[in-house]
>>> print(open('data28.tsv').read())   # TSV, C-alpha atoms and all ligand atoms
chain	number	residue	atom	x	y	z
G	1	MET	CA	108.23	1.63	180.69
G	2	ILE	CA	110.67	3.93	178.94
G	3	ILE	CA	109.96	6.10	175.91
G	4	LEU	CA	112.04	8.47	173.77
G	5	SER	CA	110.17	11.69	173.02
G	6	GLY	CA	110.05	14.84	170.95
G	7	GLY	CA	107.36	17.43	171.27
G	8	THR	CA	104.05	16.57	169.55
G	9	GLY	CA	103.23	12.96	168.67
G	10	THR	CA	104.80	11.41	171.78
G	11	PRO	CA	103.20	13.85	174.26
G	12	LYS	CA	99.84	12.96	172.62
G	13	LEU	CA	100.60	9.30	173.32
G	14	LEU	CA	101.72	10.03	176.91
G	15	VAL	CA	98.14	11.05	177.73
G	16	GLY	CA	97.07	7.42	177.09
G	17	LEU	CA	100.22	5.83	178.53
G	18	LYS	CA	99.52	7.63	181.80
G	19	ARG	CA	96.11	5.93	181.92
G	20	VAL	CA	97.35	2.47	180.97
G	21	PHE	CA	100.54	2.30	183.08
G	22	ARG	CA	101.03	3.55	186.62
G	23	GLU	CA	102.30	7.11	186.10
G	24	GLU	CA	105.33	6.58	188.33
G	25	GLU	CA	106.38	3.70	186.02
G	26	LEU	CA	106.80	6.08	183.06
G	27	LYS	CA	110.27	7.33	182.17
G	28	VAL	CA	110.44	9.81	179.31
G	29	ILE	CA	113.77	10.67	177.68
G	30	VAL	CA	113.33	13.98	175.92
G	31	ASN	CA	115.13	15.77	173.08
G	32	THR	CA	116.84	19.04	174.06
G	33	ALA	CA	118.45	19.94	170.71
G	34	GLU	CA	115.78	22.60	170.05
G	35	ASP	CA	116.37	24.33	173.40
G	36	VAL	CA	117.12	28.02	173.23
G	37	TRP	CA	117.71	30.96	175.59
G	38	VAL	CA	115.13	33.72	175.02
G	39	SER	CA	114.82	36.89	177.12
G	40	GLY	CA	117.12	35.46	179.78
G	41	ASN	CA	115.34	32.12	180.17
G	42	LEU	CA	115.94	28.63	178.85
G	43	ILE	CA	113.08	27.32	176.74
G	44	CYS	CA	113.04	23.52	176.36
G	45	PRO	CA	110.18	23.11	173.85
G	46	ASP	CA	110.00	19.32	173.94
G	47	VAL	CA	110.48	18.97	177.72
G	48	ASP	CA	107.80	21.64	178.26
G	49	SER	CA	105.33	19.86	175.97
G	50	VAL	CA	105.90	16.59	177.83
G	51	ILE	CA	105.35	18.35	181.19
G	52	TYR	CA	102.17	20.09	180.03
G	53	ALA	CA	100.77	16.93	178.38
G	54	LEU	CA	101.29	14.85	181.53
G	55	ALA	CA	99.90	17.65	183.73
G	56	GLY	CA	96.76	17.86	181.54
G	57	LEU	CA	97.54	21.49	180.79
G	58	ILE	CA	98.69	21.38	177.18
G	59	ASP	CA	96.97	23.48	174.54
G	60	GLU	CA	95.35	20.67	172.54
G	61	GLU	CA	94.84	22.89	169.50
G	62	LYS	CA	98.56	23.39	168.91
G	63	TRP	CA	100.09	20.65	171.07
G	64	TRP	CA	102.57	23.09	172.58
G	65	GLY	CA	102.18	25.72	175.30
G	66	ILE	CA	99.55	25.90	178.04
G	67	LYS	CA	95.82	26.14	177.36
G	68	ASP	CA	93.99	29.40	178.21
G	69	GLU	CA	97.22	31.39	178.03
G	70	SER	CA	97.69	35.16	178.20
G	71	PHE	CA	100.54	37.05	176.53
G	72	TYR	CA	100.82	40.23	178.64
G	73	THR	CA	104.60	40.12	179.11
G	74	HIS	CA	105.29	39.32	175.45
G	75	THR	CA	103.05	42.25	174.40
G	76	ALA	CA	104.55	44.61	177.00
G	77	LEU	CA	108.06	43.77	175.74
G	78	LYS	CA	106.94	44.52	172.18
G	79	ARG	CA	105.67	47.95	173.31
G	80	LEU	CA	109.14	48.56	174.72
G	81	ASN	CA	110.52	47.78	171.24
G	82	TYR	CA	111.86	44.36	172.34
G	83	GLU	CA	110.89	41.72	169.81
G	84	GLU	CA	111.03	38.13	171.06
G	85	PRO	CA	111.74	35.54	168.35
G	86	MET	CA	108.69	33.52	169.41
G	87	THR	CA	105.39	34.20	171.17
G	88	ILE	CA	105.78	33.15	174.80
G	89	GLY	CA	102.73	32.81	177.06
G	90	ASP	CA	102.79	34.19	180.61
G	91	LYS	CA	102.25	30.84	182.36
G	92	ASP	CA	104.72	29.11	180.03
G	93	ARG	CA	107.27	31.84	180.82
G	94	ALA	CA	106.84	31.07	184.55
G	95	THR	CA	108.10	27.53	183.81
G	96	HIS	CA	111.09	28.94	181.91
G	97	ILE	CA	111.92	31.39	184.74
G	98	ILE	CA	111.87	28.71	187.44
G	99	ARG	CA	114.01	26.35	185.32
G	100	SER	CA	116.52	29.09	184.53
G	101	GLU	CA	116.75	30.32	188.13
G	102	GLN	CA	117.52	26.76	189.26
G	103	LEU	CA	120.21	26.43	186.58
G	104	ARG	CA	121.71	29.76	187.70
G	105	GLN	CA	121.78	28.40	191.27
G	106	GLY	CA	123.87	25.48	190.01
G	107	LYS	CA	121.26	22.71	189.66
G	108	SER	CA	121.57	20.34	186.72
G	109	LEU	CA	118.93	20.43	183.98
G	110	THR	CA	117.77	16.98	185.14
G	111	ASP	CA	117.31	18.19	188.75
G	112	ALA	CA	115.70	21.47	187.66
G	113	THR	CA	113.26	19.44	185.51
G	114	SER	CA	112.49	17.01	188.36
G	115	SER	CA	111.64	19.79	190.78
G	116	LEU	CA	109.47	21.57	188.18
G	117	VAL	CA	107.71	18.31	187.43
G	118	ARG	CA	106.86	17.82	191.13
G	119	HIS	CA	105.25	21.29	191.23
G	120	PHE	CA	103.03	20.21	188.33
G	121	GLY	CA	101.96	17.12	190.30
G	122	ILE	CA	103.59	14.72	187.83
G	123	THR	CA	104.98	11.45	189.17
G	124	ALA	CA	106.48	10.19	185.89
G	125	ARG	CA	110.23	10.78	185.41
G	126	ILE	CA	111.02	13.31	182.71
G	127	LEU	CA	114.68	13.10	181.71
G	128	PRO	CA	116.25	15.71	179.42
G	129	MET	CA	118.63	13.80	177.12
G	130	THR	CA	121.68	15.76	178.36
G	131	ASP	CA	122.60	17.95	181.31
G	132	GLU	CA	124.34	20.54	179.17
G	133	PRO	CA	121.78	23.33	178.67
G	134	ALA	CA	121.41	24.43	175.03
G	135	ALA	CA	124.79	22.86	174.19
G	136	ILE	CA	123.35	21.32	171.02
G	137	SER	CA	121.64	23.34	168.36
G	138	THR	CA	119.64	21.90	165.46
G	139	LYS	CA	120.63	23.63	162.22
G	140	ILE	CA	118.63	23.49	159.00
G	141	ILE	CA	120.46	24.13	155.72
G	142	THR	CA	118.26	26.01	153.23
G	143	PRO	CA	118.78	28.16	150.10
G	144	GLU	CA	118.41	31.15	152.48
G	145	GLY	CA	121.38	29.90	154.50
G	146	GLU	CA	121.79	27.96	157.73
G	147	LEU	CA	118.84	28.48	160.10
G	148	HIS	CA	118.36	27.50	163.74
G	149	PHE	CA	115.44	25.02	163.97
G	150	GLN	CA	113.21	27.63	165.66
G	151	GLU	CA	114.06	30.23	163.01
G	152	PHE	CA	113.17	27.72	160.26
G	153	TRP	CA	109.98	26.49	161.91
G	154	VAL	CA	108.68	29.57	163.77
G	155	SER	CA	109.94	32.65	161.87
G	156	LYS	CA	109.99	31.10	158.36
G	157	MET	CA	107.01	28.80	159.05
G	158	GLY	CA	108.89	25.77	157.69
G	159	GLU	CA	108.67	27.12	154.13
G	160	PRO	CA	112.29	27.11	152.83
G	161	GLU	CA	113.53	24.05	150.96
G	162	VAL	CA	115.80	21.89	153.11
G	163	SER	CA	119.02	20.35	151.81
G	164	ASP	CA	120.45	19.11	155.11
G	165	VAL	CA	120.02	19.04	158.88
G	166	TYR	CA	122.74	18.74	161.51
G	167	PHE	CA	123.15	19.04	165.28
G	168	ASP	CA	125.78	21.60	166.13
G	169	GLY	CA	127.70	20.58	169.28
G	170	ILE	CA	126.45	16.96	169.37
G	171	GLU	CA	129.95	15.39	169.23
G	172	LYS	CA	130.91	16.98	172.53
G	173	ALA	CA	127.60	16.41	174.36
G	174	LYS	CA	127.06	13.44	176.68
G	175	PRO	CA	123.78	11.78	177.62
G	176	SER	CA	122.95	12.43	181.28
G	177	GLU	CA	123.79	9.73	183.81
G	178	ASP	CA	120.10	9.34	184.63
G	179	VAL	CA	119.32	8.70	180.96
G	180	ILE	CA	121.93	5.94	180.74
G	181	ASN	CA	120.81	4.35	184.03
G	182	ALA	CA	117.14	4.51	183.01
G	183	LEU	CA	117.85	2.85	179.64
G	184	MET	CA	120.03	0.17	181.22
G	185	SER	CA	117.28	-0.75	183.69
G	186	GLU	CA	114.68	-1.67	181.01
G	187	ASP	CA	114.48	-4.61	178.59
G	188	VAL	CA	112.15	-2.87	176.13
G	189	VAL	CA	112.62	0.70	174.86
G	190	VAL	CA	109.81	2.51	173.05
G	191	ILE	CA	110.46	5.25	170.50
G	192	GLY	CA	107.43	7.55	170.42
G	193	PRO	CA	105.81	8.90	167.24
G	194	SER	CA	108.08	11.93	167.00
G	195	ASN	CA	110.17	13.44	164.22
G	196	PRO	CA	112.84	10.75	163.53
G	197	ILE	CA	115.38	13.33	162.33
G	198	THR	CA	115.16	16.36	164.64
G	199	SER	CA	113.46	14.93	167.77
G	200	ILE	CA	114.64	11.32	168.08
G	201	GLY	CA	117.76	11.86	165.92
G	202	PRO	CA	119.64	13.98	168.52
G	203	ILE	CA	118.94	11.46	171.32
G	204	LEU	CA	120.27	8.64	169.10
G	205	SER	CA	123.33	10.72	168.16
G	206	LEU	CA	124.52	11.04	171.77
G	207	ARG	CA	127.51	8.91	172.58
G	208	GLY	CA	126.64	5.32	173.46
G	209	ILE	CA	122.87	5.46	172.98
G	210	ARG	CA	122.64	3.43	169.74
G	211	GLU	CA	124.96	0.80	171.27
G	212	ILE	CA	122.63	0.43	174.28
G	213	LEU	CA	119.59	0.19	172.00
G	214	LYS	CA	121.20	-2.61	169.97
G	215	ARG	CA	121.12	-4.71	173.16
G	216	LYS	CA	117.41	-3.98	173.91
G	217	ARG	CA	114.08	-4.88	172.33
G	218	VAL	CA	113.16	-1.61	170.61
G	219	VAL	CA	109.62	-0.76	169.50
G	220	ALA	CA	108.87	2.42	167.51
G	221	ILE	CA	105.55	4.00	166.59
G	222	SER	CA	105.59	5.60	163.15
G	223	PRO	CA	105.00	9.37	163.02
G	224	ILE	CA	104.37	8.96	159.28
G	225	VAL	CA	101.01	7.82	157.94
G	226	GLY	CA	101.01	7.08	154.20
G	227	THR	CA	103.60	9.46	152.77
G	228	GLU	CA	103.16	12.41	155.16
G	229	PRO	CA	103.83	13.25	158.80
G	230	ILE	CA	100.69	14.08	160.77
G	231	SER	CA	102.19	17.47	161.62
G	232	GLY	CA	105.48	19.32	161.44
G	233	PRO	CA	108.47	19.21	159.09
G	234	ALA	CA	109.52	15.54	159.48
G	235	GLY	CA	108.81	14.82	155.78
G	236	LYS	CA	111.10	17.60	154.54
G	237	PHE	CA	113.87	16.55	156.92
G	238	MET	CA	113.61	12.81	156.10
G	239	TYR	CA	113.74	13.60	152.36
G	240	ALA	CA	116.78	15.87	152.85
G	241	LYS	CA	118.55	13.07	154.73
G	242	GLY	CA	117.85	10.56	151.93
G	243	PHE	CA	115.03	8.64	153.64
G	244	GLU	CA	111.75	7.76	151.93
G	245	VAL	CA	108.85	9.62	153.60
G	246	SER	CA	106.89	6.51	154.62
G	247	PRO	CA	106.80	3.97	157.47
G	248	TYR	CA	109.60	2.16	155.57
G	249	GLY	CA	111.66	5.37	155.75
G	250	VAL	CA	111.03	5.52	159.52
G	251	TYR	CA	112.28	1.93	159.81
G	252	LYS	CA	115.40	2.88	157.81
G	253	CYS	CA	116.12	5.72	160.29
G	254	TYR	CA	116.28	3.07	163.06
G	255	ASP	CA	117.34	-0.05	161.14
G	256	ASP	CA	120.50	-0.76	163.16
G	257	PHE	CA	118.51	-1.51	166.33
G	258	LEU	CA	114.73	-1.60	165.65
G	259	ASP	CA	112.80	-4.82	166.41
G	260	LEU	CA	109.17	-3.80	165.84
G	261	LEU	CA	107.50	-0.89	164.04
G	262	VAL	CA	103.90	0.05	164.82
G	263	ILE	CA	102.31	1.48	161.66
G	264	ASP	CA	98.89	2.62	160.56
G	265	ALA	CA	96.34	-0.07	159.69
G	266	ALA	CA	96.22	1.15	156.07
G	267	ASP	CA	100.02	1.20	155.60
G	268	GLU	CA	102.67	-1.31	154.58
G	269	CYS	CA	106.32	-1.60	155.48
G	270	PRO	CA	107.52	-3.93	152.76
G	271	LYS	CA	110.66	-5.43	154.25
G	272	GLY	CA	113.24	-5.52	156.99
G	273	VAL	CA	111.31	-5.34	160.24
G	274	GLU	CA	108.46	-6.95	162.13
G	275	VAL	CA	105.37	-4.76	161.89
G	276	GLN	CA	102.22	-4.31	163.93
G	277	LYS	CA	99.29	-2.52	162.30
G	278	THR	CA	96.80	-0.46	164.27
G	279	ASP	CA	95.22	2.98	164.30
G	280	ILE	CA	98.10	5.35	165.10
G	281	ILE	CA	96.35	8.69	164.54
G	282	ILE	CA	95.60	10.24	167.95
G	283	LYS	CA	92.65	12.64	167.79
G	284	ASN	CA	91.75	12.54	171.48
G	285	ALA	CA	92.55	10.93	174.85
G	286	ALA	CA	90.48	7.82	174.02
G	287	ASP	CA	92.53	7.17	170.82
G	288	SER	CA	95.69	7.68	172.86
G	289	GLU	CA	94.55	5.12	175.43
G	290	VAL	CA	93.76	2.53	172.73
G	291	LEU	CA	97.25	2.93	171.21
G	292	ALA	CA	98.81	2.86	174.71
G	293	LYS	CA	97.12	-0.52	175.36
G	294	VAL	CA	98.60	-1.90	172.13
G	295	ILE	CA	102.01	-0.79	173.35
G	296	ARG	CA	101.46	-2.31	176.79
G	297	ASP	CA	100.54	-5.64	175.15
G	298	ILE	CA	103.69	-5.50	172.99
G	299	ILE	CA	105.86	-4.83	176.07
G	300	ASP	CA	104.16	-7.59	178.09
G	301	ASN	CA	104.66	-10.24	175.36
G	401	LIG	P1	108.33	18.36	164.93
G	401	LIG	O1	106.97	18.93	165.20
G	401	LIG	O2	108.49	17.78	163.56
G	401	LIG	O3	109.45	19.22	165.40
G	401	LIG	O4	108.52	17.03	165.76
G	401	LIG	P2	107.90	16.42	167.09
G	401	LIG	O5	108.76	15.27	167.36
G	401	LIG	O6	107.73	17.47	168.10
G	401	LIG	O7	106.48	15.89	166.72
G	401	LIG	C1	105.97	15.86	165.46
G	401	LIG	C2	105.83	14.43	164.98
G	401	LIG	O8	104.73	13.82	165.66
G	401	LIG	C3	105.52	14.47	163.50
G	401	LIG	O9	106.43	13.71	162.77
G	401	LIG	C4	104.10	13.93	163.45
G	401	LIG	O10	103.83	13.16	162.31
G	401	LIG	C5	103.96	13.12	164.72
G	401	LIG	N1	102.58	13.07	165.18
G	401	LIG	C6	101.79	14.13	165.52
G	401	LIG	N2	100.56	13.68	165.85
G	401	LIG	C7	100.58	12.33	165.72
G	401	LIG	C8	99.59	11.30	165.90
G	401	LIG	O11	98.44	11.54	166.25
G	401	LIG	N3	99.99	10.01	165.65
G	401	LIG	C9	101.26	9.70	165.22
G	401	LIG	N4	101.55	8.42	164.97
G	401	LIG	N5	102.22	10.65	165.04
G	401	LIG	C10	101.87	11.94	165.28
>>> encode(input="data28.tsv", output="structure tokens")
Amino acid sequence: MIILSGGTGTPKLLVGLKRVFREEELKVIVNTAEDVWVSGNLICPDVDSVIYALAGLIDEEKWWGIKDESFYTHTALKRLNYEEPMTIGDKDRATHIIRSEQLRQGKSLTDATSSLVRHFGITARILPMTDEPAAISTKIITPEGELHFQEFWVSKMGEPEVSDVYFDGIEKAKPSEDVINALMSEDVVVIGPSNPITSIGPILSLRGIREILKRKRVVAISPIVGTEPISGPAGKFMYAKGFEVSPYGVYKCYDDFLDLLVIDAADECPKGVEVQKTDIIIKNAADSEVLAKVIRDIIDN
């Protein structure tokens, strides 16, 4: 099975998908538009969260980073008057160093990710959406000016009002060959419960992806319950882009190709798309497995 992923909701669901499908059957296409070079290393926040979730190492309080982390290097850098724009754990930094070394040796981001993934004992395929490292940059337009996604979300804690969002560099970027081949080889494509604007949006904006999806059966799981996302700034971004913050708004983000939207049991999606209602809030691995079984049944039917 193939799933498009951002960094929080979909990694939560991967925990259950890994139990319900054979792990080597899972192919995860991951957003890279929030990737950024920090202190000499490439951080791929969404790819890293997918790796850590599948490896059983993710910090389940925050749903990013590795559990039981230490921050010695980050603190030592601070003492040397070097301020990193985000707090980077020591173990997490080891991932970034290995990835970046491989890129410097000439490996593609896809190959660097595959070899990292093997070290973590993961047999699923994790496919960064493009092989051009940090070529795309998510920009948030606010009254304080244009902010990089990380600046908006980490430094400004998502507080500024948002009037627009765009992906700098997206017109020139291509999806990786592995992404195209993986999509072409499946009849059903699942869009995980991730931010439709800044996590799934960049994948859909890559050349040719929407056209492929129009030829597939596409199933999405809503990241919005009622009129709010479960976490993160998706609501602000959907509103800024003119979408209602609701499952209906999620459908409208995907309306040119979506066949089925999985929404919360208490929600409605008044028109336009076939809907399946179930519990879509994932509080633990058991919830994730229940939702994963619903998805398996949808794919099998
Ligand atoms: P960001 O945090 O907005 O940058 O986006 P991500 O794509 O990394 O993930 C956040 C999205 O996951 C948000 O839109 C959340 O509503 C969604 N999400 C988080 N936890 C859950 C959950 O338990 N169930 C569902 N359905 N969505 C979730």
>>> residues_near_ligand(input="data28.tsv", ligand="ligand LIG 401 (chain G)", cutoff="6 Å", atoms="all atoms listed in the file", output="PyMOL selection string")
chain G and resi 6-9+193-195+199+222-224+229-234+280-282
>>> closest_residue(input="data28.tsv", among="G:Lys216, G:Lys172, G:Arg210, G:Lys236", to="Ile141 in chain G", atoms="only C-alpha atoms")
G:Lys236
>>> residues_around(input="data28.tsv", residues="Val179 in chain G", least_positions_apart="4", cutoff="8 Å", atoms="all atoms listed in the file", output="PyMOL selection string")
chain G and resi 29+127-130+175+183
>>> residues_around(input="data28.tsv", residues="Ala292 in chain G", least_positions_apart="3", cutoff="9 Å", atoms="all atoms listed in the file", output="list in words")
Leu13, Leu14, Val15, Gly16, Leu17, Lys18, Arg19, Val20, Phe21, Asp287, Ser288, Glu289, Ile295, Arg296 and Asp297 of chain G
>>> atom_distance(input="data28.tsv", atom1="CA of Ala240 in chain G", atom2="CA of Val218 in chain G")
25.2 Å
>>> closest_residue(input="data28.tsv", among="G:Ile140, G:Val38, G:Leu258, G:Leu291", to="Val273 in chain G", atoms="all atoms listed in the file")
G:Leu258
>>> residues_around(input="data28.tsv", residues="range 52-66 of chain G", least_positions_apart="6", cutoff="12 Å", atoms="all atoms listed in the file", output="NGL selection string")
:G and (6-19 or 23-24 or 26-28 or 43-46 or 86-96 or 116-126 or 231-232 or 282-285 or 288)
>>> residues_around(input="data28.tsv", residues="Phe167 in chain G", least_positions_apart="3", cutoff="7 Å", atoms="all atoms listed in the file", output="ChimeraX atom specification")
/G:136-139,170,202
>>> closest_residue(input="data28.tsv", among="G:Gln102, G:Ser39, G:Ala266, G:Ser114", to="His74 in chain G", atoms="only C-alpha atoms")
G:Ser39
>>> closest_residue(input="data28.tsv", among="G:Thr142, G:Ser70, G:Thr75, G:Ser176", to="Asp164 in chain G", atoms="only C-alpha atoms")
G:Thr142
